[in-house]
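Since the structure comes first, as structure tokens, the remarks are kept for the end.
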Amino acid sequence: MRFRAAVLRSNETPFAIEEVVLSTGPAAGEILVEIAGCGMCRTDLAVRRSAGRTPLPAVLGHEGAGVVVASGDGPDGAIGVGDHVVLSFDSCGDCRNCRGAAPAYCDSFASLNLFGGREEGASRLTDAVGGALAFRWFGQSSFAEYALVPARNAVRVDPALPLELLGPLGCGALTGAGAVLNTFRAGPGDTLVVLGAGAVGLAAVMAATAAGVRTVAVDRHPGRLDLAERYGAVPLPATTAGLDERIRRRTDGGAQYALDTTASAPLINDTLRALRPTGTLGLVARLHTALPLEPGTLDGGRSIRHICEGDAVPELLIPRLIGLWQAGRFPFDQLIRTYPLADINEAERDCDAGRVIKPVLLPERRDR
């Protein structure tokens, strides 16, 4: 079948909307999804800065949602034709961590999600002249009209919901909210610092507010601090000195938890010093250089750890977030601005410039 997709051919060139060719339909364990909407995540844009890690040319996109139009497992599959689904990250399902309900730490996570996807049938997606395209970015490659994905990636949702807006629940919102609800298991009486009030940080703020957690949000952009305050956090500018002391004053002597979405070493060190004894700081932003920890930052049993995909089992957390959203307690949709898929380069520019928190790309519907 032929359809349109946004193809990234090199780290320096813009996305190009091209006709691509899928040579085979879904095999056993796979589904073909007509994409209703796909969020743009910072991880997609980071491909430009990670030369060699992701094979190019590629179709990116990993916050897709859509309708199943074909299934390799026939009518008895767990997910069938006509189901509305939110897509999340890929995992093998067989390693110790997958069997232990920790698919974000799958032994094959990097190869399945970051390096072009599953090796079998790697040339099943080509451009119009037969050139192979990497098409399993995070198991999806959903900057496209269709995505061929492992059924394991998909979470069935109520068809009455606005499907085109739900894709960010598969990664960005899942990561921020999952860090609060799964990793920290924070609740009433706990205190949390969120470094960076972008899409992931604001999802963490929303989840913390829903869980009764007192939250401080740190950012250098006044507009984003205003959003964080709207969603329940105490705003704290990141541009002035004495951040550790200012955090302690606003958290009754120190926070129990902190979530970093910035990869800023000074902010991380200041916040570690502001944690209570035995407090934990979680990292979700990719570090591109060594992280120097200053003396004393880990005193008192404080700890620092990386958090992948909010420690989530998507089929458990995504319905939970939808329930909170329906109850008015997780308004992630207020962060979204939609763009036609054809305007993907405008969406990228707006995202880089901070003019939008969460772009969502909408493929044009065509008669086929």
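Naming scheme: A, B, ... for chains in displayed order of the structure tokens; residues 1 onward per chain; ligands 1 onward as shown.
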Checklist line | Shell of 7 Å around range 263-275 of chain A, only C-alpha atoms, local chain residues under 2 positions omitted, as a list in words | finding: Leu243, Asp244, Glu245, Ile247, Arg248, Gly254, Ala255, Gln256, Tyr257, Asp260, Thr261, Pro277, Gly279, Leu281, Ala285, Arg286, Leu287, Leu291, Pro292, Leu293, Glu294 and Thr297 of chain A
Notebook entry, point to check: Near Arg230 in chain A, counting only C-alpha atoms, which residues have an atom at most 10 Å away, once you skip same-chain residues fewer than 5 positions from it, shown as a ChimeraX atom specification?
Noted result: /A:205-206,224-225,235
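These are the residues of range 134-171 of chain A assigned strand (DSSP E) by DSSP from backbone coordinates: Tyr146, Ala147, Leu148, Val149, Pro150, Ala154, Val155, Arg156 and Val157 of chain A.
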Sorted by chain and rising residue number, list the residues of range 232-335 of chain A at most 7 Å from range 154-174 of chain A (counting only C-alpha atoms), each with its closest atom pair and distance in Å to one decimal, as a Markdown table.
```
| residue | atom | partner | partner_atom | distance |
| --- | --- | --- | --- | --- |
| A:Glu309 | CA | A:Cys171 | CA | 6.5 |
| A:Gly310 | CA | A:Leu174 | CA | 6.0 |
| A:Glu315 | CA | A:Val155 | CA | 5.4 |
| A:Ile318 | CA | A:Leu169 | CA | 6.2 |
| A:Asp333 | CA | A:Leu165 | CA | 6.8 |
```
Checklist line | For Leu236 in chain A, the nearest of the candidates A:Asp252, A:Asp219, A:Glu364, A:Asp299, counting only C-alpha atoms | finding: A:Asp219
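Closest approach to Val81 in chain A among A:Ile31, A:Val216, A:Leu56, A:Ala104: A:Ile31, based on only C-alpha atoms.
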Checklist line | Counting only C-alpha atoms, the option among A:Leu114, A:Val218, A:Leu22, A:Val200 closest to Ala132 in chain A | finding: A:Leu22
Checklist line | Contacts of Val193 in chain A at 6 Å (only C-alpha atoms; same-chain gap of 2+ positions) as a VMD selection string | finding: chain A and resid 215 to 217 258
Check: Among range 160-274 of chain A, which residues carry a DSSP assignment of helix (DSSP H, G or I), reported as a ChimeraX atom specification?
Finding: /A:163-165,167-170,172-183,199-210,222-230,243-250,265-273
Checklist line | Nearest to Arg320 in chain A by atom-to-atom distance, counting only C-alpha atoms, from A:Leu192, A:Cys95, A:Ala177, A:Val234 | finding: A:Ala177
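Put simply, CA of Val180 in chain A is 18.0 Å away from CA of Gly328 in chain A.
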